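Participant: Contents of model-v1.cif (mmCIF, C-alpha atoms) are given next:
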data_my_file
loop_
_atom_site.label_atom_id
_atom_site.label_comp_id
_atom_site.auth_asym_id
_atom_site.auth_seq_id
_atom_site.Cartn_x
_atom_site.Cartn_y
_atom_site.Cartn_z
CA MET A 1 -122.06 -16.59 151.34
CA ASN A 2 -118.77 -17.82 150.03
CA ASP A 3 -118.16 -21.35 148.99
CA PHE A 4 -118.37 -22.94 152.39
CA GLU A 5 -119.18 -20.44 155.11
CA ASP A 6 -122.44 -22.23 155.70
CA GLY A 7 -121.11 -25.58 154.63
CA LEU A 8 -122.56 -28.70 156.13
CA ILE A 9 -120.37 -31.19 157.88
CA PHE A 10 -121.74 -34.60 158.74
CA GLU A 11 -120.35 -37.03 161.24
CA VAL A 12 -120.80 -40.41 159.64
CA ASP A 13 -119.81 -44.02 159.62
CA PHE A 14 -118.20 -44.61 156.26
CA ASN A 15 -119.56 -48.16 156.26
CA ASP A 16 -123.04 -46.77 155.69
CA LEU A 17 -123.25 -46.96 151.92
CA ASP A 18 -126.28 -47.76 149.85
CA LYS A 19 -126.28 -50.22 146.97
CA ASP A 20 -125.12 -47.45 144.64
CA GLY A 21 -122.15 -46.70 146.85
CA ARG A 22 -123.56 -43.42 148.13
CA LEU A 23 -122.79 -42.50 151.69
CA LYS A 24 -125.79 -42.29 153.96
CA ALA A 25 -125.50 -39.36 156.34
CA SER A 26 -128.05 -38.32 158.91
CA ARG A 27 -129.06 -34.73 159.39
CA SER A 28 -129.14 -35.61 163.09
CA PHE A 29 -125.35 -35.58 162.97
CA ALA A 30 -124.89 -32.47 160.86
CA THR A 31 -123.39 -29.20 161.97
CA SER A 32 -126.49 -27.32 160.93
CA GLY A 33 -130.15 -28.11 160.96
CA ARG A 34 -130.74 -26.65 157.55
CA LYS A 35 -131.74 -28.93 154.72
CA PRO A 36 -128.94 -29.48 152.24
CA ALA A 37 -129.55 -28.89 148.57
CA VAL A 38 -128.99 -31.52 145.92
CA GLY A 39 -125.66 -30.79 144.30
CA GLU A 40 -124.29 -29.04 147.35
CA ALA A 41 -120.73 -29.81 148.41
CA VAL A 42 -120.55 -31.25 151.90
CA LEU A 43 -117.94 -32.74 154.13
CA ALA A 44 -118.21 -36.07 155.91
CA HIS A 45 -115.99 -37.24 158.72
CA ASP A 46 -115.96 -40.02 161.25
CA ASP A 47 -114.53 -40.18 164.74
CA GLU A 48 -111.46 -42.07 163.60
CA GLY A 49 -109.96 -39.14 161.76
CA ASN A 50 -111.20 -40.01 158.28
CA GLU A 51 -112.91 -37.42 156.18
CA CYS A 52 -114.05 -37.01 152.63
CA GLY A 53 -115.81 -34.42 150.57
CA GLY A 54 -118.82 -35.14 148.48
CA THR A 55 -121.90 -33.87 146.75
CA VAL A 56 -125.45 -34.26 147.93
CA ALA A 57 -127.21 -36.61 145.54
CA GLU A 58 -130.53 -36.97 147.28
CA VAL A 59 -132.27 -35.99 150.48
CA ARG A 60 -134.91 -38.32 151.83
CA GLY A 61 -136.29 -37.28 155.16
CA SER A 62 -133.41 -37.00 157.57
CA ILE A 63 -131.09 -39.09 155.41
CA VAL A 64 -128.76 -37.36 153.00
CA TYR A 65 -127.24 -39.48 150.24
CA VAL A 66 -123.80 -38.22 149.36
CA GLU A 67 -121.72 -39.04 146.30
CA LEU A 68 -118.25 -39.12 147.79
CA ASP A 69 -115.36 -37.59 145.94
CA ARG A 70 -112.82 -40.18 146.93
CA THR A 71 -109.92 -38.13 145.66
CA THR A 72 -110.50 -35.95 148.72
CA TRP A 73 -110.28 -38.80 151.21
CA ARG A 74 -108.00 -37.89 154.06
CA ARG A 75 -107.07 -39.22 157.39
CA LEU A 76 -106.43 -36.63 160.06
CA THR A 77 -104.20 -37.79 162.81
CA MET A 78 -102.48 -36.43 165.85
CA GLY A 79 -98.93 -36.58 166.95
CA ASP A 80 -96.07 -38.74 165.85
CA THR A 81 -97.84 -41.97 166.60
CA PHE A 82 -99.82 -41.78 163.44
CA VAL A 83 -97.51 -39.91 161.15
CA SER A 84 -96.11 -42.18 158.53
CA MET A 85 -96.51 -39.73 155.70
CA THR A 86 -95.19 -36.22 155.80
CA THR A 87 -97.64 -34.66 153.45
CA ILE A 88 -99.07 -31.67 155.24
CA TYR A 89 -102.73 -31.22 154.59
CA PHE A 90 -102.59 -27.55 153.77
CA ALA A 91 -99.60 -27.71 151.50
CA GLY A 92 -102.00 -27.61 148.61
CA THR A 93 -99.67 -29.02 146.04
CA GLN A 94 -101.76 -31.92 144.93
CA GLN A 95 -103.49 -31.82 141.61
CA ARG A 96 -107.17 -31.51 142.29
CA HIS A 97 -108.15 -29.10 139.58
CA ARG A 98 -111.41 -30.88 138.97
CA HIS A 99 -112.40 -30.60 142.58
CA ARG A 100 -111.73 -27.03 143.54
CA SER A 101 -115.00 -26.53 145.37
CA HIS A 102 -114.58 -29.67 147.41
CA ASP A 103 -111.03 -28.80 148.13
CA ALA A 104 -111.92 -25.35 149.36
CA ALA A 105 -114.68 -26.79 151.46
CA LEU A 106 -112.42 -29.40 152.91
CA ARG A 107 -109.71 -26.93 153.74
CA ARG A 108 -111.93 -24.44 155.46
CA CYS A 109 -114.13 -26.83 157.37
CA ALA A 110 -111.48 -29.33 158.26
CA LYS A 111 -109.12 -26.64 159.41
CA HIS A 112 -111.62 -25.03 161.72
CA ARG A 113 -113.02 -28.24 163.07
CA TRP A 114 -109.72 -29.95 163.44
CA GLN A 115 -107.99 -27.02 165.06
CA ALA A 116 -110.78 -26.79 167.59
CA LEU A 117 -110.40 -30.41 168.47
CA HIS A 118 -106.66 -30.79 168.12
CA PRO A 119 -104.96 -27.52 169.00
CA ARG A 120 -101.61 -29.22 169.40
CA GLY A 121 -101.86 -31.80 166.70
CA ARG A 122 -100.72 -32.12 163.16
CA VAL A 123 -102.62 -33.04 160.08
CA VAL A 124 -101.51 -35.57 157.56
CA SER A 125 -103.22 -36.82 154.49
CA GLY A 126 -103.28 -39.75 152.19
CA THR A 127 -103.84 -43.41 152.56
CA GLY A 128 -101.33 -45.97 153.62
CA ASP A 129 -101.07 -44.61 157.11
CA ARG A 130 -100.89 -48.07 158.55
CA SER A 131 -98.45 -47.63 161.36
CA GLY A 132 -100.88 -46.08 163.76
CA ALA A 133 -103.66 -48.49 163.14
CA GLY A 134 -103.39 -50.09 166.52
CA ALA A 135 -102.99 -46.86 168.39
CA VAL A 136 -106.61 -45.86 168.34
CA ASP A 137 -108.37 -46.59 171.56
CA VAL A 138 -111.18 -48.91 170.70
CA SER A 139 -112.27 -49.62 174.21
CA GLY A 140 -115.01 -47.11 173.64
CA ASP A 141 -115.50 -43.40 173.78
CA PRO A 142 -113.93 -40.92 174.32
CA PRO A 143 -112.39 -40.81 170.86
CA PHE A 144 -108.76 -40.67 169.92
CA ASN A 145 -108.62 -36.91 169.97
CA PRO A 146 -107.57 -35.91 173.47
CA VAL A 147 -107.42 -32.15 173.64
CA GLY A 148 -104.35 -30.68 175.16
CA PRO A 149 -100.90 -32.00 175.83
CA ARG A 150 -100.32 -35.68 175.54
CA GLN A 151 -99.77 -37.49 178.82
CA MET B 152 -123.77 -76.70 155.95
CA GLU B 153 -125.14 -74.72 153.09
CA ALA B 154 -123.04 -74.15 150.06
CA PRO B 155 -121.45 -70.73 149.95
CA GLY B 156 -123.73 -68.29 148.28
CA SER B 157 -126.73 -70.51 148.73
CA VAL B 158 -129.10 -68.64 150.95
CA PRO B 159 -132.49 -70.29 150.75
CA ASP B 160 -134.15 -67.90 153.11
CA ALA B 161 -132.78 -64.41 153.01
CA GLY B 162 -134.21 -63.73 156.41
CA VAL B 163 -132.49 -66.42 158.42
CA GLY B 164 -130.32 -68.42 156.09
CA LEU B 165 -126.92 -66.88 156.52
CA PRO B 166 -124.46 -69.65 157.38
CA ASP B 167 -122.51 -69.32 160.59
CA ASP B 168 -119.21 -69.38 158.75
CA ALA B 169 -120.07 -66.46 156.51
CA VAL B 170 -117.43 -63.79 156.97
CA VAL B 171 -118.54 -60.39 158.22
CA VAL B 172 -116.45 -57.28 157.72
CA ARG B 173 -116.60 -53.76 158.96
CA GLY B 174 -114.37 -50.93 157.96
CA GLY B 175 -112.60 -48.99 160.66
CA TYR B 176 -112.20 -49.66 164.35
CA MET B 177 -115.86 -49.95 165.29
CA ARG B 178 -115.74 -47.22 167.88
CA ASN B 179 -118.85 -46.56 169.90
CA LYS B 180 -119.64 -43.29 168.17
CA SER B 181 -119.49 -44.85 164.72
CA LEU B 182 -121.72 -47.69 165.83
CA HIS B 183 -124.22 -45.28 167.37
CA ILE B 184 -124.29 -43.22 164.19
CA SER B 185 -124.66 -46.26 162.00
CA ALA B 186 -127.57 -47.62 164.03
CA THR B 187 -129.26 -44.23 163.99
CA VAL B 188 -128.89 -43.90 160.23
CA HIS B 189 -130.48 -47.31 159.80
CA PHE B 190 -133.29 -46.37 162.17
CA GLU B 191 -134.03 -43.11 160.40
CA GLU B 192 -133.79 -44.64 156.94
CA SER B 193 -136.21 -47.38 157.95
CA GLY B 194 -138.81 -44.79 158.81
CA GLU B 195 -137.97 -45.13 162.48
CA THR B 196 -139.20 -48.69 162.58
CA GLU B 197 -136.04 -50.72 163.06
CA TRP B 198 -132.74 -50.41 164.89
CA ALA B 199 -129.93 -52.37 163.33
CA TRP B 200 -126.32 -52.35 162.27
CA SER B 201 -125.57 -53.07 158.66
CA LEU B 202 -122.40 -55.08 158.13
CA TRP B 203 -120.59 -56.22 155.02
CA CYS B 204 -121.18 -59.93 154.51
CA ALA B 205 -120.99 -62.14 151.44
CA PRO B 206 -121.11 -65.88 152.08
CA GLY B 207 -118.25 -67.68 150.40
CA LYS B 208 -115.99 -64.66 150.23
CA THR B 209 -112.97 -63.87 152.36
CA ALA B 210 -112.69 -60.72 154.43
CA ASP B 211 -110.18 -59.23 152.04
CA GLY B 212 -112.40 -60.13 149.11
CA ILE B 213 -115.36 -58.44 150.71
CA ALA B 214 -113.32 -55.38 151.64
CA ALA B 215 -111.87 -55.15 148.16
CA GLN B 216 -115.34 -54.90 146.68
CA ALA B 217 -116.70 -52.60 149.34
CA ASP B 218 -116.59 -48.90 148.70
CA PHE B 219 -115.73 -47.75 152.18
CA GLY B 220 -112.44 -45.93 152.38
CA ASN B 221 -111.25 -46.95 155.82
CA ASP B 222 -107.73 -48.24 155.69
CA CYS B 223 -108.32 -50.93 158.28
CA ILE B 224 -110.97 -53.56 158.75
CA ARG B 225 -112.28 -55.82 161.45
CA GLU B 226 -113.42 -59.33 160.67
CA SER B 227 -115.81 -61.77 162.23
CA THR B 228 -118.30 -64.41 161.22
CA VAL B 229 -122.04 -64.66 161.40
CA GLY B 230 -121.64 -67.46 163.94
CA ARG B 231 -119.45 -65.41 166.27
CA ILE B 232 -121.88 -62.52 166.18
CA ARG B 233 -124.77 -64.85 166.88
CA ALA B 234 -122.80 -66.36 169.75
CA ALA B 235 -122.45 -62.87 171.16
CA GLY B 236 -126.21 -62.78 171.42
CA PHE B 237 -127.17 -60.87 168.31
CA ALA B 238 -129.65 -61.83 165.62
CA VAL B 239 -128.04 -61.68 162.20
CA GLU B 240 -130.04 -61.54 159.01
CA GLN B 241 -129.27 -60.86 155.42
CA ASP B 242 -130.00 -57.27 154.53
CA SER B 243 -132.67 -57.31 151.89
CA ASP B 244 -131.62 -53.86 150.69
CA CYS B 245 -128.05 -54.87 149.88
CA ASP B 246 -127.08 -58.40 148.89
CA ASP B 247 -123.54 -57.96 150.20
CA HIS B 248 -124.73 -56.89 153.62
CA CYS B 249 -126.20 -58.49 156.65
CA LYS B 250 -127.82 -56.68 159.48
CA VAL B 251 -127.69 -57.13 163.20
CA LYS B 252 -131.08 -56.25 164.56
CA LEU B 253 -131.34 -54.40 167.83
CA PRO B 254 -134.29 -54.00 170.18
CA GLY B 255 -133.58 -50.29 170.50
CA PRO B 256 -130.78 -47.76 170.40
CA PRO B 257 -127.49 -49.53 171.07
CA SER B 258 -125.86 -49.01 174.43
CA ASP B 259 -122.13 -48.75 174.87
CA ALA B 260 -122.26 -52.29 176.23
CA ASP B 261 -123.96 -53.45 173.02
CA CYS B 262 -121.23 -51.77 171.01
CA LYS B 263 -118.53 -53.47 173.03
CA ARG B 264 -120.24 -56.82 172.76
CA LEU B 265 -120.36 -56.51 168.99
CA ARG B 266 -116.79 -55.25 168.84
CA ASP B 267 -115.59 -58.14 170.98
CA ALA B 268 -117.10 -60.55 168.47
CA PHE B 269 -114.68 -59.23 165.87
CA ASP B 270 -110.94 -59.68 165.48
CA GLU B 271 -108.70 -56.75 166.20
CA ALA B 272 -108.44 -54.17 163.46
CA ARG B 273 -105.92 -54.92 160.77
CA PRO B 274 -104.82 -53.07 157.67
CA ARG B 275 -107.02 -53.46 154.68
CA VAL B 276 -105.32 -55.26 151.83
CA VAL B 277 -105.28 -53.11 148.73
CA GLU B 278 -104.71 -55.10 145.58
CA GLU B 279 -102.34 -53.74 143.01
CA GLY B 280 -104.25 -51.96 140.32
CA GLY B 281 -107.41 -52.20 142.36
#
Kindly return the structure encoded in the file as structure tokens.
Facilitator:
Amino acid sequence: MNDFEDGLIFEVDFNDLDKDGRLKASRSFATSGRKPAVGEAVLAHDDEGNECGGTVAEVRGSIVYVELDRTTWRRLTMGDTFVSMTTIYFAGTQQRHRHRSHDAALRRCAKHRWQALHPRGRVVSGTGDRSGAGAVDVSGDPPFNPVGPRQ
Amino acid sequence: MEAPGSVPDAGVGLPDDAVVVRGGYMRNKSLHISATVHFEESGETEWAWSLWCAPGKTADGIAAQADFGNDCIRESTVGRIRAAGFAVEQDSDCDDHCKVKLPGPPSDADCKRLRDAFDEARPRVVEEGG
């Protein structure tokens, strides 16, 4: 297995942090039913386009406590509405030498997942993407990721 | 009214004017996931949403101290959430959290009712050097 062929991706709510600041992820919302190992690199994302890599710190029942690597925080968006930064996610020019495994995991998993969901979209990274804040439909599901051409 | 920070009874003593914050847009899926995480972590005994709340602090102050990375927040108060029909208690596991207890898994209508008790999402203020 290479570094992330069997990598776990969790859909999370990034508000769910414990008192130590670890993200609480449920195995019920993981891409695989297998039990993650402590120290394993995983990817967490929410349904608002945010995602972040991290390392499994503890597994307690169905809850996985993840130490987030906040240098890998990204916001994936679609179309011009959200694009206020032009950094392309896969440009790979950022200095993340200390986080090569997370970076590889993020690239591979995010690329596959995102391309499946957003075949026509673009990916941007970084914080400060404020301009599209109001563009997300918060009236309820479905999420902001309509597949196919924009109406 | 109780003095800010004075919570005589952690179970029920949160003042109505205590500010409550949540990172992100509070979409249904996120709220469903959050409630499920709480349920599973509690040993499948309690459904609830955990929200950032620190009596006496502003929304930006709470968000600045919170570790969530969302670049926008939504703000409410304990009183507004109570007025929406939810029971709000201080979260004994985290002193900067409160929890909204639920009788069971949240419905989409529950999610909307909670969301409607919050202001619209706005950018999170990031302090220089912070």
Participant: Find the spatial neighbours of Asp16 of chain A, counting all atoms listed in the file, within a cut-off of 8 Å - ignore same-chain residues fewer than 3 positions away - and output them as a PDB file with C-alpha atoms, in the coordinates of the input.
Facilitator:
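Output file around.pdb is given in full below:
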ATOM      1  CA  VAL A  12    -120.800 -40.410 159.640  1.00  0.00           C
ATOM      2  CA  ASP A  13    -119.810 -44.020 159.620  1.00  0.00           C
ATOM      3  CA  LEU A  23    -122.790 -42.500 151.690  1.00  0.00           C
ATOM      4  CA  LYS A  24    -125.790 -42.290 153.960  1.00  0.00           C
ATOM      5  CA  ALA A  25    -125.500 -39.360 156.340  1.00  0.00           C
TER       6      ALA A  25
ATOM      7  CA  SER B 185    -124.660 -46.260 162.000  1.00  0.00           C
ATOM      8  CA  VAL B 188    -128.890 -43.900 160.230  1.00  0.00           C
ATOM      9  CA  SER B 201    -125.570 -53.070 158.660  1.00  0.00           C
TER      10      SER B 201
END
Participant: To verify the selection step, state as number ranges by chain which residues the PyMOL selection byres ((chain A and resi 42) around 8) yields on this input.
Facilitator: A: 7-10, 40-41, 43-44, 53-56, 102, 105
Participant: Suppose a student applies the PyMOL selection byres ((chain B) within 8 of (chain A)) to this structure; what residues should they get, written as an mmCIF file with C-alpha atoms, in the frame of the given file?
Facilitator:
data_model
loop_
_atom_site.group_PDB
_atom_site.id
_atom_site.type_symbol
_atom_site.label_atom_id
_atom_site.label_comp_id
_atom_site.auth_asym_id
_atom_site.auth_seq_id
_atom_site.Cartn_x
_atom_site.Cartn_y
_atom_site.Cartn_z
ATOM 1 C CA ARG B 173 -116.600 -53.760 158.960
ATOM 2 C CA GLY B 174 -114.370 -50.930 157.960
ATOM 3 C CA GLY B 175 -112.600 -48.990 160.660
ATOM 4 C CA TYR B 176 -112.200 -49.660 164.350
ATOM 5 C CA MET B 177 -115.860 -49.950 165.290
ATOM 6 C CA ARG B 178 -115.740 -47.220 167.880
ATOM 7 C CA ASN B 179 -118.850 -46.560 169.900
ATOM 8 C CA LYS B 180 -119.640 -43.290 168.170
ATOM 9 C CA SER B 181 -119.490 -44.850 164.720
ATOM 10 C CA LEU B 182 -121.720 -47.690 165.830
ATOM 11 C CA ILE B 184 -124.290 -43.220 164.190
ATOM 12 C CA SER B 185 -124.660 -46.260 162.000
ATOM 13 C CA THR B 187 -129.260 -44.230 163.990
ATOM 14 C CA VAL B 188 -128.890 -43.900 160.230
ATOM 15 C CA GLU B 191 -134.030 -43.110 160.400
ATOM 16 C CA GLU B 192 -133.790 -44.640 156.940
ATOM 17 C CA SER B 201 -125.570 -53.070 158.660
ATOM 18 C CA LEU B 202 -122.400 -55.080 158.130
ATOM 19 C CA ASP B 218 -116.590 -48.900 148.700
ATOM 20 C CA PHE B 219 -115.730 -47.750 152.180
ATOM 21 C CA GLY B 220 -112.440 -45.930 152.380
ATOM 22 C CA ASN B 221 -111.250 -46.950 155.820
ATOM 23 C CA ASP B 222 -107.730 -48.240 155.690
ATOM 24 C CA CYS B 223 -108.320 -50.930 158.280
ATOM 25 C CA ASP B 244 -131.620 -53.860 150.690
ATOM 26 C CA CYS B 245 -128.050 -54.870 149.880
ATOM 27 C CA ASP B 259 -122.130 -48.750 174.870
ATOM 28 C CA LYS B 263 -118.530 -53.470 173.030
ATOM 29 C CA ALA B 272 -108.440 -54.170 163.460
ATOM 30 C CA ARG B 273 -105.920 -54.920 160.770
ATOM 31 C CA PRO B 274 -104.820 -53.070 157.670
#
Participant: Can you list what the PyMOL selection byres ((chain B and resi 265) around 10) grabs from this structure, as a PyMOL selection string?
Facilitator: chain B and resi 177+182+200+227+231-233+235-237+251+259-264+266-269
Participant: Just to confirm, what's the straight-line distance from atom CA of Phe190 of chain B to atom CA of Trp203 of chain B in Å (one decimal)?
Facilitator: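 Interatomic distance here is 17.6 Å.
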Participant: Separation of atom CA of Glu58 of chain A and atom CA of Lys252 of chain B, in Å?
Facilitator: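 Atom CA of Lys252 of chain B lies at a distance of 25.9 Å from atom CA of Glu58 of chain A.
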Participant: Name the residues in contact with Val277 of chain B at a cut-off of 9 Å, using all atoms listed in the file, excluding same-chain residues fewer than 4 positions from it; report them as a count of residues only.
Facilitator: 5
